[in-house]
$ cat run_28.txt   # compact mmCIF, C-alpha atoms
# COMPACT_ATOMS: atom_id res chain seq x y z
CA MET A 1 0.00 0.00 0.00
CA SER A 2 2.99 2.24 -0.57
CA GLY A 3 1.96 5.73 -1.70
CA ALA A 4 -1.66 5.28 -0.63
CA THR A 5 -3.40 7.96 1.42
CA PRO A 6 -4.47 6.97 4.96
CA TYR A 7 -8.11 6.69 3.85
CA GLU A 8 -7.12 4.52 0.90
CA THR A 9 -5.10 2.31 3.26
CA PHE A 10 -8.00 1.92 5.69
CA CYS A 11 -10.56 1.35 2.93
CA ALA A 12 -8.34 -1.34 1.43
CA LEU A 13 -8.20 -3.02 4.84
CA GLY A 14 -11.97 -2.72 5.26
CA ILE A 15 -11.87 -0.25 8.19
CA PRO A 16 -14.87 2.11 7.88
CA PRO A 17 -14.54 5.90 8.27
CA PHE A 18 -16.05 7.88 11.15
CA THR A 19 -15.94 11.65 10.55
CA THR A 20 -17.08 13.93 13.38
CA TYR A 21 -17.38 17.47 12.12
CA ASP A 22 -20.07 19.99 13.05
CA GLU A 23 -22.86 17.61 12.05
CA TRP A 24 -21.22 14.56 13.63
CA SER A 25 -20.72 11.98 10.92
CA GLU A 26 -23.40 12.91 8.44
CA ALA A 27 -21.36 11.13 5.76
CA PRO A 28 -20.08 8.74 4.69
CA LEU A 29 -20.97 6.67 7.77
CA GLN A 30 -24.13 7.45 9.73
CA LEU A 31 -22.84 7.09 13.28
CA ARG A 32 -23.41 9.40 16.23
CA LEU A 33 -21.80 9.18 19.63
CA ARG A 34 -25.15 9.80 21.31
CA ALA A 35 -26.47 6.51 19.92
CA MET A 36 -23.43 4.46 20.88
CA PRO A 37 -23.27 2.43 24.10
CA HIS A 38 -20.11 4.15 25.34
CA ALA A 39 -21.63 7.65 25.22
CA PHE A 40 -23.23 9.29 28.22
CA PRO A 41 -25.36 12.46 28.34
CA ALA A 42 -24.05 15.55 30.08
CA ALA A 43 -25.01 19.21 30.33
CA ALA A 44 -22.93 21.40 28.05
CA PHE A 45 -22.20 24.79 26.59
CA ALA A 46 -25.37 26.76 25.75
CA GLY A 47 -27.49 23.93 27.14
CA GLU A 48 -27.17 21.94 23.93
CA ALA A 49 -27.03 18.16 23.72
CA PHE A 50 -23.51 17.03 24.54
CA ARG A 51 -21.81 13.91 23.25
CA TYR A 52 -18.60 12.16 24.16
CA GLY A 53 -17.14 8.69 24.10
CA ALA A 54 -13.95 6.75 24.80
CA PHE A 55 -11.87 5.08 22.09
CA LEU A 56 -9.02 2.57 22.16
CA GLY A 57 -6.69 2.17 19.20
CA TRP A 58 -3.90 3.92 17.33
CA ARG A 59 -3.00 7.28 15.88
CA TRP A 60 -3.18 7.36 12.10
CA GLU A 61 0.60 7.66 11.76
CA ASP A 62 0.97 4.34 13.60
CA ALA A 63 -1.97 2.69 11.82
CA ILE A 64 -0.49 3.35 8.36
CA SER A 65 2.85 1.87 9.44
CA PRO A 66 4.05 -1.31 7.70
CA ARG A 67 3.70 -3.15 11.03
CA PHE A 68 0.01 -2.30 11.50
CA VAL A 69 -0.82 -2.95 7.84
CA ALA A 70 0.99 -6.30 7.88
CA VAL A 71 -0.81 -7.54 11.01
CA ALA A 72 -4.20 -6.24 9.85
CA SER A 73 -3.75 -7.69 6.35
CA ALA A 74 -3.01 -11.12 7.79
CA MET A 75 -6.36 -11.13 9.62
CA ALA A 76 -9.46 -12.58 7.97
CA PRO A 77 -11.83 -9.78 6.84
CA GLU A 78 -14.49 -10.86 9.31
CA ALA A 79 -11.92 -10.92 12.14
CA LEU A 80 -10.77 -7.38 11.33
CA ALA A 81 -14.38 -6.21 11.11
CA ALA A 82 -15.02 -7.77 14.53
CA THR A 83 -12.42 -5.46 16.08
CA GLY A 84 -14.88 -2.59 15.67
CA LEU A 85 -12.10 -0.27 14.49
CA LEU A 86 -13.11 3.02 12.85
CA ALA A 87 -10.93 5.43 10.88
CA THR A 88 -11.83 8.40 13.06
CA ASP A 89 -11.41 11.99 11.87
CA HIS A 90 -12.47 14.22 14.79
CA GLN A 91 -12.92 18.01 14.88
CA CYS A 92 -11.58 19.64 18.03
CA GLY A 93 -9.69 22.61 19.46
CA GLY A 94 -12.65 25.00 19.78
CA HIS A 95 -12.73 27.81 17.22
CA SER A 96 -9.43 26.64 15.71
CA CYS A 97 -11.28 23.57 14.35
CA TRP A 98 -8.27 21.29 14.42
CA ALA A 99 -8.65 17.65 13.47
CA VAL A 100 -7.18 14.55 15.11
CA PHE A 101 -7.02 11.14 13.47
CA TYR A 102 -7.23 7.69 15.05
CA VAL A 103 -7.97 4.13 14.04
CA ALA A 104 -9.81 3.10 17.18
CA ARG A 105 -12.80 1.22 18.55
CA PRO A 106 -15.45 2.74 20.83
CA VAL A 107 -15.10 1.33 24.34
CA ALA A 108 -17.29 1.36 27.44
CA ILE A 109 -16.16 3.52 30.36
CA SER A 110 -16.39 1.95 33.81
CA LYS A 111 -19.29 3.14 35.97
CA THR A 112 -16.88 4.45 38.59
CA MET A 113 -15.10 6.67 36.04
CA GLN A 114 -18.18 7.94 34.21
CA PRO A 115 -18.79 10.92 36.54
CA ASP A 116 -15.14 12.03 36.25
CA VAL A 117 -15.21 11.82 32.46
CA ALA A 118 -18.53 13.65 32.18
CA ALA A 119 -17.35 16.43 34.49
CA LEU A 120 -14.07 16.85 32.64
CA CYS A 121 -15.71 17.01 29.20
CA GLN A 122 -18.21 19.55 30.47
CA ASP A 123 -15.52 21.68 32.14
CA TYR A 124 -13.41 21.86 29.00
CA CYS A 125 -16.30 22.56 26.63
CA HIS A 126 -15.73 26.11 25.28
CA ALA A 127 -12.68 26.43 27.54
CA HIS A 128 -10.98 29.83 27.32
CA GLY A 129 -13.79 31.13 25.15
CA GLY A 130 -13.34 28.28 22.68
CA TRP A 131 -9.62 28.82 22.15
CA PHE A 132 -8.17 25.82 23.97
CA MET A 133 -6.11 24.22 21.21
CA SER A 134 -2.94 22.25 20.60
CA LYS A 135 -0.99 25.25 19.23
CA PRO A 136 -1.99 28.15 21.49
CA SER A 137 -1.21 31.76 20.65
CA GLU A 138 1.14 33.72 22.88
CA ALA A 139 -1.90 35.35 24.48
CA VAL A 140 -3.20 32.06 25.86
CA ARG A 141 0.04 30.05 26.15
CA GLU A 142 0.31 30.56 29.92
CA PHE A 143 -3.29 29.45 30.39
CA PHE A 144 -2.60 26.42 28.20
CA HIS A 145 0.32 25.22 30.30
CA GLU A 146 -1.71 25.78 33.47
CA GLU A 147 -4.53 23.68 32.03
CA VAL A 148 -2.16 20.87 31.06
CA ALA A 149 -0.78 20.80 34.61
CA HIS A 150 -4.32 20.84 35.99
CA TYR A 151 -5.36 18.01 33.64
CA ARG A 152 -2.42 15.86 34.76
CA ALA A 153 -3.17 16.50 38.44
CA ARG A 154 -6.89 15.93 38.01
CA TRP A 155 -6.38 12.47 36.54
CA ALA A 156 -3.54 11.62 38.93
CA ALA A 157 -5.97 12.20 41.80
CA ALA A 158 -8.22 9.56 40.20
CA GLY A 159 -5.32 7.12 39.87
CA ILE A 160 -4.94 7.64 36.10
CA SER A 161 -1.61 8.48 34.41
CA THR A 162 -1.31 10.82 31.42
CA ASN A 163 2.45 11.30 30.98
CA ALA A 164 2.96 9.22 27.83
CA ALA A 165 -0.33 10.32 26.27
CA LEU A 166 0.31 14.04 26.65
CA GLY A 167 4.02 14.07 25.90
CA PRO A 168 6.43 16.68 27.26
CA ASP A 169 4.61 19.71 25.83
CA GLY A 170 1.03 18.56 26.45
CA LYS A 171 -0.11 19.47 22.95
CA ALA A 172 -2.11 16.27 22.57
CA LEU A 173 -4.65 17.90 24.93
CA MET A 174 -7.21 20.35 23.55
CA GLU A 175 -10.95 20.96 23.66
CA GLY A 176 -12.69 17.76 22.59
CA VAL A 177 -9.62 15.48 22.88
CA TYR A 178 -8.68 14.06 26.27
CA PRO A 179 -5.86 11.46 26.05
CA LEU A 180 -4.82 9.01 28.75
CA ASP A 181 -2.01 6.47 28.92
CA ALA A 182 -3.08 3.04 27.68
CA SER A 183 -1.20 1.30 30.47
CA PRO A 184 -2.65 -1.93 31.90
CA GLU A 185 -3.41 -0.07 35.14
CA ASN A 186 -5.25 2.73 33.36
CA LEU A 187 -7.23 0.37 31.16
CA SER A 188 -8.26 -1.72 34.16
CA ARG A 189 -9.41 1.35 36.08
CA PHE A 190 -10.94 3.36 33.21
CA LEU A 191 -12.72 0.71 31.12
CA ALA A 192 -15.74 -1.39 32.04
CA ASP A 193 -13.95 -4.55 30.84
CA ALA A 194 -10.34 -3.96 29.84
CA ASP A 195 -9.59 -7.60 29.06
CA ALA A 196 -12.55 -7.87 26.70
CA GLU A 197 -11.60 -4.64 24.90
CA LEU A 198 -8.05 -5.85 24.32
CA ARG A 199 -9.26 -9.27 23.18
CA ALA A 200 -11.55 -7.54 20.68
CA LEU A 201 -8.48 -6.03 19.00
CA GLY A 202 -7.10 -9.53 18.48
CA PRO A 203 -3.62 -9.87 16.94
CA LEU A 204 -3.28 -6.09 16.69
CA ALA A 205 -3.19 -5.65 20.48
CA ALA A 206 -1.19 -8.87 20.91
CA ASP A 207 1.66 -7.55 18.74
CA PRO A 208 4.29 -6.08 21.12
CA VAL A 209 5.11 -3.07 18.94
CA LEU A 210 1.48 -2.18 18.26
CA ARG A 211 0.58 -2.75 21.92
CA SER A 212 3.22 -0.18 22.91
CA GLN A 213 1.61 2.35 20.54
CA LEU A 214 -1.95 1.80 21.77
CA ILE A 215 -3.80 4.96 22.83
CA LEU A 216 -6.83 5.61 25.05
CA VAL A 217 -8.69 8.83 24.34
CA THR A 218 -12.01 10.45 25.08
CA LEU A 219 -13.45 12.44 22.17
CA ALA A 220 -16.11 15.04 22.88
CA ASP A 221 -18.21 17.61 21.08
CA ASN A 222 -16.31 20.68 19.87
CA SER A 223 -17.97 23.96 20.88
CA ASP A 224 -17.44 25.52 17.43

$ encode --input "run_28.txt" --output "structure tokens"
Amino acid sequence: MSGATPYETFCALGIPPFTTYDEWSEAPLQLRLRAMPHAFPAAAFAGEAFRYGAFLGWRWEDAISPRFVAVASAMAPEALAATGLLATDHQCGGHSCWAVFYVARPVAISKTMQPDVAALCQDYCHAHGGWFMSKPSEAVREFFHEEVAHYRARWAAAGISTNAALGPDGKALMEGVYPLDASPENLSRFLADADAELRALGPLAADPVLRSQLILVTLADNSD
């Protein structure tokens, strides 16, 4: 699949697209977080319906790697379909309207973590007037670093690590994208059934290299 675009790679593998722009996946796949079992209602900016959900999988740059493609290609089509993976293109970052890209499956959040996730998504909705993004301007850079520190501490208090997910500069965090480390401890605490979610990914999660690249992220409505 050398020279293919990410979408061409995923289509060739049989991984369906999931695009979440302002109208939340109007096309090409009719799929809304509100209707999915991992999504939970929460109050939000301007009192509008608010949607969010957790996903387990890989960043696009890892999913188009020869390693991922080789393991996925060796799986029977029905086995790959059973992973529930979606080629997710998610709008985020408030008014900046950034996009993040994952190949990931929707996963169920544990009942004990649901209130924390709902509160966090609500708190960050329209954060800093809708300008909480991965590449902040000088005017909001200090606020950004304060928010990253607060995000780390908030999850640490709940027994969840974020160091690998955020990286040294924290730019993986922005409105609508809330990454967590996909460590065994985090998965066990955050997910309703971590073992079942990993089993669902089959040989992809069993591969040592791909397992080390696995990500856990909550995606939420973007206020713009």

$ atom_distance --input "run_28.txt" --atom1 "atom CA of Gln114 of chain A" --atom2 "atom CA of Trp155 of chain A"
12.9 Å

$ atom_distance --input "run_28.txt" --atom1 "atom CA of Leu204 of chain A" --atom2 "atom CA of Phe68 of chain A"
7.2 Å

$ atom_distance --input "run_28.txt" --atom1 "atom CA of Leu187 of chain A" --atom2 "atom CA of Ala63 of chain A"
20.2 Å

$ closest_residue --input "run_28.txt" --among "A:Asn222, A:Ile64, A:Lys135, A:Ala4" --to "Thr20 of chain A" --atoms "all atoms listed in the file"
A:Asn222

$ closest_residue --input "run_28.txt" --among "A:Arg152, A:Arg67, A:Arg199, A:His126" --to "Ser96 of chain A" --atoms "all atoms listed in the file"
A:His126

$ closest_residue --input "run_28.txt" --among "A:Ala220, A:Thr9, A:Arg51, A:Pro106" --to "Leu85 of chain A" --atoms "all atoms listed in the file"
A:Pro106

$ build_atoms --input "run_28.txt" --residues "segment 202-214 of chain A" --atoms "N, CA and C atoms" --output "PDB file, in the frame of the given file"
ATOM      1  N   GLY A 202      -7.739  -8.340  19.016  1.00  0.00           N
ATOM      2  CA  GLY A 202      -7.100  -9.530  18.480  1.00  0.00           C
ATOM      3  C   GLY A 202      -5.602  -9.407  18.305  1.00  0.00           C
ATOM      4  N   PRO A 203      -5.068  -9.882  17.171  1.00  0.00           N
ATOM      5  CA  PRO A 203      -3.620  -9.870  16.940  1.00  0.00           C
ATOM      6  C   PRO A 203      -3.006  -8.477  16.955  1.00  0.00           C
ATOM      7  N   LEU A 204      -3.807  -7.454  16.696  1.00  0.00           N
ATOM      8  CA  LEU A 204      -3.280  -6.090  16.690  1.00  0.00           C
ATOM      9  C   LEU A 204      -2.790  -5.693  18.080  1.00  0.00           C
ATOM     10  N   ALA A 205      -3.593  -5.976  19.113  1.00  0.00           N
ATOM     11  CA  ALA A 205      -3.190  -5.650  20.480  1.00  0.00           C
ATOM     12  C   ALA A 205      -2.177  -6.646  21.024  1.00  0.00           C
ATOM     13  N   ALA A 206      -2.136  -7.851  20.447  1.00  0.00           N
ATOM     14  CA  ALA A 206      -1.190  -8.870  20.910  1.00  0.00           C
ATOM     15  C   ALA A 206       0.223  -8.619  20.384  1.00  0.00           C
ATOM     16  N   ASP A 207       0.343  -7.867  19.294  1.00  0.00           N
ATOM     17  CA  ASP A 207       1.660  -7.550  18.740  1.00  0.00           C
ATOM     18  C   ASP A 207       2.382  -6.595  19.681  1.00  0.00           C
ATOM     19  N   PRO A 208       3.603  -6.919  20.127  1.00  0.00           N
ATOM     20  CA  PRO A 208       4.290  -6.080  21.120  1.00  0.00           C
ATOM     21  C   PRO A 208       4.500  -4.638  20.677  1.00  0.00           C
ATOM     22  N   VAL A 209       4.871  -4.431  19.423  1.00  0.00           N
ATOM     23  CA  VAL A 209       5.110  -3.070  18.940  1.00  0.00           C
ATOM     24  C   VAL A 209       3.802  -2.281  18.911  1.00  0.00           C
ATOM     25  N   LEU A 210       2.759  -2.874  18.339  1.00  0.00           N
ATOM     26  CA  LEU A 210       1.480  -2.180  18.260  1.00  0.00           C
ATOM     27  C   LEU A 210       0.882  -1.970  19.651  1.00  0.00           C
ATOM     28  N   ARG A 211       1.079  -2.927  20.552  1.00  0.00           N
ATOM     29  CA  ARG A 211       0.580  -2.750  21.920  1.00  0.00           C
ATOM     30  C   ARG A 211       1.243  -1.541  22.577  1.00  0.00           C
ATOM     31  N   SER A 212       2.511  -1.316  22.309  1.00  0.00           N
ATOM     32  CA  SER A 212       3.220  -0.180  22.910  1.00  0.00           C
ATOM     33  C   SER A 212       2.740   1.151  22.348  1.00  0.00           C
ATOM     34  N   GLN A 213       2.111   1.126  21.174  1.00  0.00           N
ATOM     35  CA  GLN A 213       1.610   2.350  20.540  1.00  0.00           C
ATOM     36  C   GLN A 213       0.130   2.601  20.812  1.00  0.00           C
ATOM     37  N   LEU A 214      -0.504   1.696  21.528  1.00  0.00           N
ATOM     38  CA  LEU A 214      -1.950   1.800  21.770  1.00  0.00           C
ATOM     39  C   LEU A 214      -2.270   3.086  22.534  1.00  0.00           C
TER      40      LEU A 214
END
